[in-house]
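Everything on this sheet refers to the single structure shown next.
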Amino acid sequence: MLIFAISDKGGTGRSVTSGNIVYRRSLQGNDVCYVDFDFGSPTVGAIFSISEAERGTRRGGTHRYLQGEVAEPHRIDIWAESDREGLRVKPPGAGQLVLYPGDEGGGEFPTLTEELLRQCVRLFSRLDEEFDLVMVDLSAGRSFAAHLALAATARLPGVHSRWLVFHRWTRQHIIAAAGLVNGERGLLDVGAEHGHDPAELADRVRFVRTAVLEQDSAELAGLRPTQLAWLNDCDRELRELSARHKVGRTRMLGKVPLDPVLQWREQLISDEDVLASQIANAGTVAAFDDLAKKVVDDNAWEGL
Amino acid sequence: MVGEVQTGLLQNSGEIPDSLSTELLALVRGERVRVFRRPIAYAVSPDRLTGVDCHLASASGARVRGVGTVLSRASVTGGRLVQGSSQVRVTRGTSNRRLAWSHYMARPGVVEVVGKARAADLAGGFTLDAPPAESLDLGAVSARFVDVVQSSARLDRRAPFRMARTRFRWTAEPGEPDVRLQLRGDNVRTLRLTLPDPFAPGVAELCEDLALHDWLLTALIEIVRRARPGSVARPEAAARLAPAIDHILHLWMPAARVQDSLLHVWESLEHRPGFTRQWQSLVNRVRDHVTVALLTVAGGDGRSGD
Amino acid sequence: MTPVNATFGEVAAERRIASSPLSHVSIELGHLYMEDFEAGPDRLRQQFRRAEPWASTARRSWQERVPGGRARVSTCFLIDDYFSRFSTPAELIPVIVETAADSGLTIDYLARESACARAGGVEPAKLVEDRLVADPPVGTNGSRPPARETGWLCNGTRSPVAGVVQAMGVAQKWRPPAQNAKRGHSVFVDVELWNDDDGERTWSCPFLAAVWQLLRLGMLRDDGRPPVVPQPRGTTFPDDWADLPPIIRLVPSAAPFAAYTTLSVLSSRFMPVELAVRTILSQVAVDAEVLGQVVSRSEDEGVPLEDELVDRLSYVFT
């Protein structure tokens, strides 16, 4: 199954959240991989603590693969090559966890050519053969990467694909996320152009709210009642707004609470970070675990 | 002779019939897809050529240029496994410069060395862990033949389990019979053969057969590992083992089409590492586990009283 | 107990390649296109008059070359009915045969150009398309699919086009095209093989001419059988080209249509086309078994052939 991670704007925590989803999924026993299609900023190596690929790889990553310069993009086995000791021990029962980084110095592509598209189709098809879950991290907004992904999946009708749209729980982000999917030149529009059925495609899109401040969370404990009431009002307004824009609860796959660790250190959160060093919140890991289960759970993706 | 075979699971929910294999493998119009039904269904595409002009990896690091054509084919075994296989016969060229392309087209499957090279140096280079990126890449050629089959719209892409392809790189040199098989990272295997007649047409078929069985063994080991029998509840593990029983256990058919003169290679590999021994032990483990799980369920019904 | 050797075979697993009868040389006496037809009967007369000395020279030299002097020589003539259709077989064929006879020439076989595209249920051009193996530029190591401009074939590396450049990447400057097997300087040839305009495949003249050469060399097979077999002529010729067999044998006692070698006597305006034909033929993978059959038969006859297919072709441009 292919999962495309996309966000309306930068700074939603798309890469770090989707990275944590694949990490959790592999702990749950699946063979998974993470493919960096954030062409303008291929820095995903940092999330997995691969210093060799912090700013992309030099050994032929996704950029050079798509341009036909290498036969296969460079692959990194996280369980073997991560610099974080905690990640270098594959727990029993865990599946493969593989990273396909972008190229160091790689940039956005200006136009979609037939050659690029063919290379992309071949890559998706091969990865789907090997992995239970293939997470493809796309650039923010209406990007070349999103366009490429839509065109490639249209040529792979037999391969299951799903889209996760990451957005923060703010007025601007909700409107932007809705526009990215339903708006002019949005996912459904461009998808239809490439032969996707818009209704079917819409069924394969879910939203993930990030950096969410829960009413009952510890962070809000010190607030005055008036402040809490005001926050409550805001939240209600946002819920109404999101429902109007078809970004409401029914289309939401999950939410990730605001966690300082995610803000300051964009990395995988291990159980150790919660239990031993206690730098991360248990709720965050639980949210990732939940997302990792739901992302492959057909019930969470039933047509609306 | 050098070659590389890629083996993978056909992306379809069930076994495909011979008629569909024939359709998937019709890569050249006017050329027949050959279909064998005994002792196991096997269909093979007509041969195709790919032109190359590049460096050949050498163990010593010497820069050797080769020009010629790669001979490739795709095959489907048991309606379940797909292979892409490429080979070239490396010979000393007649000239120290590149000739007109028609010269190479008259020698299908031959790559001529422009300049000098030693056979053992090239065989060593080809079976390196990571040959230089710009050197002859038979694996990529074979992979495209697998892709052509896998991308057919006639397959439903709902394979019963996910499994990586294996890459089986082989070389055959003239000399006293010797067999050296090595498992490497990233599902790469290398086989160095020394044979009295390394150019016999059956050598590539032998390597395809070995690659197929190596994939089966690799896949079964992986399925058992994922199922974690002994660590998770029996019915759960049994359910995870079931695809092995349904889809791959019956495909084990060593040396199905291997020439008599090359059977000794299979036999020596049966001796060490003992392919069939390991396979049989795994098969027994899978069957025993599933049987016990069934018995437990049958017995459990009575005890639990529901 | 003595071990018993068992033999087992499966018909569907076998590959059978029929051999076709072969002459020593196939001489093409000319092509007839609409423009030649429209130029009037003198054009045809002139064409045959110019061809005759070369045809008889070729016949003589083969008689000298073949042990015993029994050279098998067949002649053929090609009429275009693919790019444009003119006149009718009933009207035109008797005129062509008579005009040739006036110059002392006999046409053994007459072929329709469209036979190279489609002959009955077989499409010879498609058989050739699937057997093309692109001439690889230096550095081609198999890691990427052969760079191919659909419908084109060249003998080297094309000039780079302003292609995909990543954002803030480096743009490419113009570079000249290069021939792969160049000696010092390049003669770069890029041939259009077909176009699919209006959703319909139209083969180019050089591509069909390459198919024509392969048919004359007896090198093509469809499921092991020659794709086009000459048919005997009837008592009359039909009124529609479509009703005429792809290749007809006009002389019942003629030597076989296909041959070890070919000679084409053509107007020099066909020179660029034939350069293109040679570019294509150098990139066609002929079945190794067919090649082997032809080589062993020619050796048995004491007439060794050139290794490379293109070296078995010769021309006279008049």
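Chain labels follow the order of the structure tokens: the first chain is A, the next B, and so on; residue numbering restarts at 1 in every chain, and ligands are counted from 1 in their shown order.
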Set the distance at 12 Å and use only C-alpha atoms: which residues neighbour Val191 (chain C) once local chain neighbours fewer than 3 positions away are removed? I'd like the list as a ChimeraX atom specification. /C:148-156,158,188,194-195,203-207,210,272-281,283
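Running DSSP on the backbone and keeping only alpha helix (DSSP H), the residues of region 153-232 of chain B that qualify are Gly202, Val203, Ala204, Glu205, Leu206, Cys207, Glu208, Asp209, Leu210, Ala211, Leu212, His213, Asp214, Trp215, Leu216, Leu217, Thr218, Ala219, Leu220, Ile221, Glu222, Ile223, Val224, Arg225, Arg226 and Ala227 of chain B.
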Suppose we keep C-alpha atoms; can you now write the selection as a tab-separated table (two decimals), in the first residue's frame?
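In the end it all went to again00.tsv:
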```
chain	number	residue	atom	x	y	z
B	202	GLY	CA	22.46	-25.02	-19.83
B	203	VAL	CA	24.56	-22.94	-17.45
B	204	ALA	CA	22.18	-19.97	-17.44
B	205	GLU	CA	19.22	-22.32	-16.89
B	206	LEU	CA	21.03	-23.93	-13.98
B	207	CYS	CA	21.58	-20.51	-12.40
B	208	GLU	CA	17.93	-19.55	-12.95
B	209	ASP	CA	16.90	-22.77	-11.21
B	210	LEU	CA	19.26	-22.11	-8.30
B	211	ALA	CA	18.03	-18.52	-8.02
B	212	LEU	CA	14.43	-19.72	-7.94
B	213	HIS	CA	15.06	-22.17	-5.13
B	214	ASP	CA	17.15	-19.67	-3.22
B	215	TRP	CA	14.20	-17.26	-3.39
B	216	LEU	CA	11.80	-19.95	-2.16
B	217	LEU	CA	14.05	-20.72	0.78
B	218	THR	CA	14.57	-17.02	1.56
B	219	ALA	CA	10.83	-16.38	1.40
B	220	LEU	CA	9.94	-19.32	3.61
B	221	ILE	CA	12.52	-18.31	6.22
B	222	GLU	CA	11.07	-14.81	6.16
B	223	ILE	CA	7.46	-15.99	6.46
B	224	VAL	CA	8.37	-18.14	9.44
B	225	ARG	CA	10.26	-15.25	11.02
B	226	ARG	CA	7.28	-12.92	10.59
B	227	ALA	CA	4.85	-15.48	11.94
```
Just need the residues of chain B within 10 Å of chain C, counting only C-alpha atoms, so spit them out as a ChimeraX atom specification. /B:27-38,42-44,46-56,65-70,97-108,133-144
Selection near Asp259 (chain A), 10 Å with only C-alpha atoms, sequence-local residues under 5 positions removed, as a ChimeraX atom specification: /A:210-213,219,264,279-284
Write down, as number ranges by chain, each residue of chain A that has any atom within 10 Å of an atom of chain B, counting only C-alpha atoms. A: 29-31, 59-60, 69-72, 75, 77, 92-95, 121-123, 125-133, 155-160
d(CA of Asp36 (chain A), CA of Pro110 (chain A)) in Å: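 Atom-to-atom, CA of Asp36 (chain A) to CA of Pro110 (chain A), that is 17.5 Å.
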I need the chain A residues near chain C as a VMD selection string; criterion: at most 12 Å, counting only C-alpha atoms. chain A and resid 39 to 41 63 to 73 103 105 to 116 118 to 119 122 144
Keeping N, CA, C and O atoms for every residue in the selection just given, could you write it to a file as a compact mmCIF listing (two decimals), in the first residue's frame?
```txt
# COMPACT_ATOMS: atom_id res chain seq x y z
N PHE A 39 11.26 17.16 -2.74
CA PHE A 39 12.42 17.39 -3.60
C PHE A 39 13.19 18.66 -3.30
O PHE A 39 14.39 18.73 -3.43
N GLY A 40 12.46 19.71 -2.88
CA GLY A 40 13.13 20.98 -2.64
C GLY A 40 13.96 20.96 -1.38
O GLY A 40 14.86 21.79 -1.19
N SER A 41 13.68 20.01 -0.49
CA SER A 41 14.34 20.02 0.81
C SER A 41 14.50 18.59 1.32
O SER A 41 13.79 18.15 2.20
N HIS A 63 16.12 11.79 -6.38
CA HIS A 63 16.27 12.72 -7.51
C HIS A 63 16.95 12.05 -8.70
O HIS A 63 16.45 12.05 -9.80
N ARG A 64 18.14 11.52 -8.39
CA ARG A 64 18.92 10.94 -9.51
C ARG A 64 18.25 9.71 -10.06
O ARG A 64 18.37 9.39 -11.24
N TYR A 65 17.53 8.99 -9.21
CA TYR A 65 16.78 7.83 -9.71
C TYR A 65 15.73 8.29 -10.73
O TYR A 65 15.62 7.74 -11.83
N LEU A 66 14.96 9.31 -10.35
CA LEU A 66 13.88 9.74 -11.24
C LEU A 66 14.44 10.27 -12.57
O LEU A 66 13.79 10.17 -13.60
N GLN A 67 15.63 10.84 -12.51
CA GLN A 67 16.23 11.34 -13.75
C GLN A 67 16.90 10.24 -14.54
O GLN A 67 17.50 10.49 -15.58
N GLY A 68 16.81 9.01 -14.04
CA GLY A 68 17.36 7.88 -14.77
C GLY A 68 18.86 7.75 -14.64
O GLY A 68 19.49 7.05 -15.41
N GLU A 69 19.46 8.40 -13.64
CA GLU A 69 20.92 8.33 -13.52
C GLU A 69 21.38 7.12 -12.73
O GLU A 69 22.53 6.70 -12.86
N VAL A 70 20.53 6.59 -11.89
CA VAL A 70 20.89 5.35 -11.18
C VAL A 70 19.74 4.36 -11.35
O VAL A 70 18.59 4.75 -11.55
N ALA A 71 20.09 3.07 -11.31
CA ALA A 71 19.09 2.03 -11.58
C ALA A 71 18.08 1.93 -10.45
O ALA A 71 16.91 1.67 -10.67
N GLU A 72 18.56 2.12 -9.22
CA GLU A 72 17.66 2.08 -8.07
C GLU A 72 18.11 3.15 -7.10
O GLU A 72 19.30 3.39 -6.95
N PRO A 73 17.16 3.80 -6.41
CA PRO A 73 17.60 4.80 -5.44
C PRO A 73 18.29 4.12 -4.27
O PRO A 73 17.97 2.98 -3.93
N ASP A 103 18.49 13.36 -2.86
CA ASP A 103 19.91 13.60 -3.12
C ASP A 103 20.38 14.88 -2.47
O ASP A 103 19.66 15.89 -2.47
N GLY A 105 21.85 18.25 -2.40
CA GLY A 105 21.90 19.25 -3.46
C GLY A 105 20.77 19.11 -4.46
O GLY A 105 20.71 19.83 -5.46
N GLY A 106 19.87 18.17 -4.25
CA GLY A 106 18.74 17.98 -5.17
C GLY A 106 17.75 19.12 -5.03
O GLY A 106 17.64 19.72 -3.96
N GLY A 107 17.03 19.43 -6.11
CA GLY A 107 16.05 20.51 -6.05
C GLY A 107 14.73 20.07 -6.63
O GLY A 107 14.56 18.91 -7.01
N GLU A 108 13.77 21.00 -6.71
CA GLU A 108 12.47 20.71 -7.32
C GLU A 108 12.66 20.48 -8.82
O GLU A 108 13.57 21.03 -9.44
N PHE A 109 11.80 19.69 -9.42
CA PHE A 109 11.82 19.50 -10.87
C PHE A 109 10.83 20.49 -11.49
O PHE A 109 9.75 20.70 -10.94
N PRO A 110 11.17 21.09 -12.62
CA PRO A 110 10.25 22.07 -13.19
C PRO A 110 9.07 21.46 -13.94
O PRO A 110 7.96 21.93 -13.84
N THR A 111 9.30 20.39 -14.70
CA THR A 111 8.20 19.85 -15.50
C THR A 111 8.13 18.34 -15.36
O THR A 111 9.13 17.67 -15.14
N LEU A 112 6.92 17.84 -15.54
CA LEU A 112 6.68 16.41 -15.47
C LEU A 112 6.90 15.83 -16.85
O LEU A 112 6.13 16.10 -17.77
N THR A 113 7.95 15.03 -17.01
CA THR A 113 8.18 14.42 -18.32
C THR A 113 7.77 12.95 -18.26
O THR A 113 7.63 12.36 -17.19
N GLU A 114 7.59 12.38 -19.43
CA GLU A 114 7.21 10.98 -19.52
C GLU A 114 8.27 10.08 -18.88
O GLU A 114 7.94 9.11 -18.20
N GLU A 115 9.55 10.44 -19.07
CA GLU A 115 10.63 9.63 -18.49
C GLU A 115 10.55 9.58 -16.97
O GLU A 115 10.63 8.53 -16.36
N LEU A 116 10.37 10.78 -16.37
CA LEU A 116 10.27 10.87 -14.92
C LEU A 116 9.09 10.04 -14.42
O LEU A 116 9.19 9.30 -13.45
N ARG A 118 7.61 7.51 -15.84
CA ARG A 118 7.84 6.06 -15.97
C ARG A 118 8.73 5.55 -14.85
O ARG A 118 8.49 4.49 -14.29
N GLN A 119 9.77 6.33 -14.54
CA GLN A 119 10.67 5.92 -13.46
C GLN A 119 9.90 5.84 -12.14
O GLN A 119 10.11 4.94 -11.34
N ARG A 122 7.63 2.81 -11.99
CA ARG A 122 8.44 1.62 -11.75
C ARG A 122 8.82 1.52 -10.28
O ARG A 122 8.74 0.46 -9.67
N PHE A 144 5.30 19.76 -7.42
CA PHE A 144 5.64 18.82 -8.48
C PHE A 144 5.47 17.39 -7.97
O PHE A 144 4.97 16.51 -8.66
```
Quick one, how far is CA of Leu25 (chain B) from CA of His196 (chain A)? 28.7 Å
So how far away is CA of Arg204 (chain A) from CA of Glu237 (chain A), in Å? 26.4 Å
Near Asp81 (chain C), counting only C-alpha atoms, which residues have an atom at most 10 Å away, once you skip same-chain residues fewer than 2 positions from it, shown as a PDB file with N, CA and C atoms, in the first residue's frame?
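Result file part-v6.pdb:
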```
ATOM      1  N   LEU C  32       8.619   1.296 -57.988  1.00  0.00           N
ATOM      2  CA  LEU C  32       7.740   2.185 -58.757  1.00  0.00           C
ATOM      3  C   LEU C  32       6.847   2.965 -57.809  1.00  0.00           C
ATOM      4  N   TYR C  33       7.038   4.281 -57.799  1.00  0.00           N
ATOM      5  CA  TYR C  33       6.197   5.147 -56.981  1.00  0.00           C
ATOM      6  C   TYR C  33       5.253   5.916 -57.896  1.00  0.00           C
ATOM      7  N   MET C  34       4.265   6.513 -57.303  1.00  0.00           N
ATOM      8  CA  MET C  34       3.276   7.264 -58.062  1.00  0.00           C
ATOM      9  C   MET C  34       3.945   8.279 -58.980  1.00  0.00           C
ATOM     10  N   LEU C  78       9.351  -3.781 -57.049  1.00  0.00           N
ATOM     11  CA  LEU C  78       8.468  -3.362 -55.952  1.00  0.00           C
ATOM     12  C   LEU C  78       7.570  -2.212 -56.396  1.00  0.00           C
ATOM     13  N   ILE C  79       6.275  -2.357 -56.147  1.00  0.00           N
ATOM     14  CA  ILE C  79       5.338  -1.286 -56.485  1.00  0.00           C
ATOM     15  C   ILE C  79       4.770  -0.703 -55.200  1.00  0.00           C
ATOM     16  N   PHE C  83       1.995   4.206 -49.702  1.00  0.00           N
ATOM     17  CA  PHE C  83       1.930   5.657 -49.509  1.00  0.00           C
ATOM     18  C   PHE C  83       0.924   6.293 -50.454  1.00  0.00           C
ATOM     19  N   SER C  84       0.764   5.713 -51.646  1.00  0.00           N
ATOM     20  CA  SER C  84      -0.275   6.207 -52.558  1.00  0.00           C
ATOM     21  C   SER C  84      -0.676   5.034 -53.445  1.00  0.00           C
ATOM     22  N   ARG C  85      -1.910   5.057 -53.873  1.00  0.00           N
ATOM     23  CA  ARG C  85      -2.358   3.977 -54.758  1.00  0.00           C
ATOM     24  C   ARG C  85      -2.680   4.548 -56.127  1.00  0.00           C
ATOM     25  N   PHE C  86      -2.208   3.872 -57.148  1.00  0.00           N
ATOM     26  CA  PHE C  86      -2.469   4.366 -58.494  1.00  0.00           C
ATOM     27  C   PHE C  86      -2.687   3.174 -59.413  1.00  0.00           C
ATOM     28  N   SER C  87      -3.384   3.417 -60.474  1.00  0.00           N
ATOM     29  CA  SER C  87      -3.685   2.406 -61.489  1.00  0.00           C
ATOM     30  C   SER C  87      -4.262   1.135 -60.847  1.00  0.00           C
ATOM     31  N   THR C  88      -4.214   0.015 -61.589  1.00  0.00           N
ATOM     32  CA  THR C  88      -4.698  -1.259 -61.050  1.00  0.00           C
ATOM     33  C   THR C  88      -3.708  -2.333 -61.462  1.00  0.00           C
ATOM     34  N   ALA C 111       6.286  -7.403 -55.963  1.00  0.00           N
ATOM     35  CA  ALA C 111       5.791  -7.260 -54.589  1.00  0.00           C
ATOM     36  C   ALA C 111       5.093  -5.918 -54.417  1.00  0.00           C
ATOM     37  N   ARG C 112       4.126  -5.914 -53.512  1.00  0.00           N
ATOM     38  CA  ARG C 112       3.469  -4.658 -53.132  1.00  0.00           C
ATOM     39  C   ARG C 112       4.191  -4.125 -51.903  1.00  0.00           C
ATOM     40  N   GLU C 113       4.439  -2.841 -51.870  1.00  0.00           N
ATOM     41  CA  GLU C 113       5.145  -2.264 -50.725  1.00  0.00           C
ATOM     42  C   GLU C 113       4.364  -2.492 -49.429  1.00  0.00           C
ATOM     43  N   SER C 114       3.040  -2.460 -49.491  1.00  0.00           N
ATOM     44  CA  SER C 114       2.262  -2.632 -48.264  1.00  0.00           C
ATOM     45  C   SER C 114       2.433  -4.026 -47.671  1.00  0.00           C
ATOM     46  N   ALA C 115       2.986  -4.961 -48.463  1.00  0.00           N
ATOM     47  CA  ALA C 115       3.253  -6.295 -47.926  1.00  0.00           C
ATOM     48  C   ALA C 115       4.255  -6.224 -46.776  1.00  0.00           C
ATOM     49  N   TRP C 241      -5.513  -3.471 -55.861  1.00  0.00           N
ATOM     50  CA  TRP C 241      -4.238  -3.892 -55.290  1.00  0.00           C
ATOM     51  C   TRP C 241      -4.448  -4.817 -54.099  1.00  0.00           C
ATOM     52  N   ALA C 242      -5.497  -4.540 -53.337  1.00  0.00           N
ATOM     53  CA  ALA C 242      -5.737  -5.323 -52.138  1.00  0.00           C
ATOM     54  C   ALA C 242      -6.000  -6.794 -52.467  1.00  0.00           C
TER      55      ALA C 242
END
```
If you count only C-alpha atoms, which residues fall within 12 Å of region 290-297 of chain A, apart from same-chain ones fewer than 5 positions away, as number ranges by chain? A: 1-5, 17-30, 32, 132-135, 160-164, 204-210, 252-256, 283-285, 302
With only C-alpha atoms as the counted atoms, please give the residues lying no more than 12 Å from Asp197 (chain A), apart from itself and same-chain residues fewer than 6 positions off, as a list in words. Leu150, Thr153, Ala154, Pro157, Leu187, Leu188, Asp189, Val190, Gly191, Asp203 and Arg204 of chain A
Could you give me, as a ChimeraX atom specification, each residue of region 29-278 of chain A that DSSP assigns to strand (DSSP E or B) when run on this structure's backbone? /A:32-37,54,56-57,76-77,97-100,103,133-138,161-168,205-212,252-257
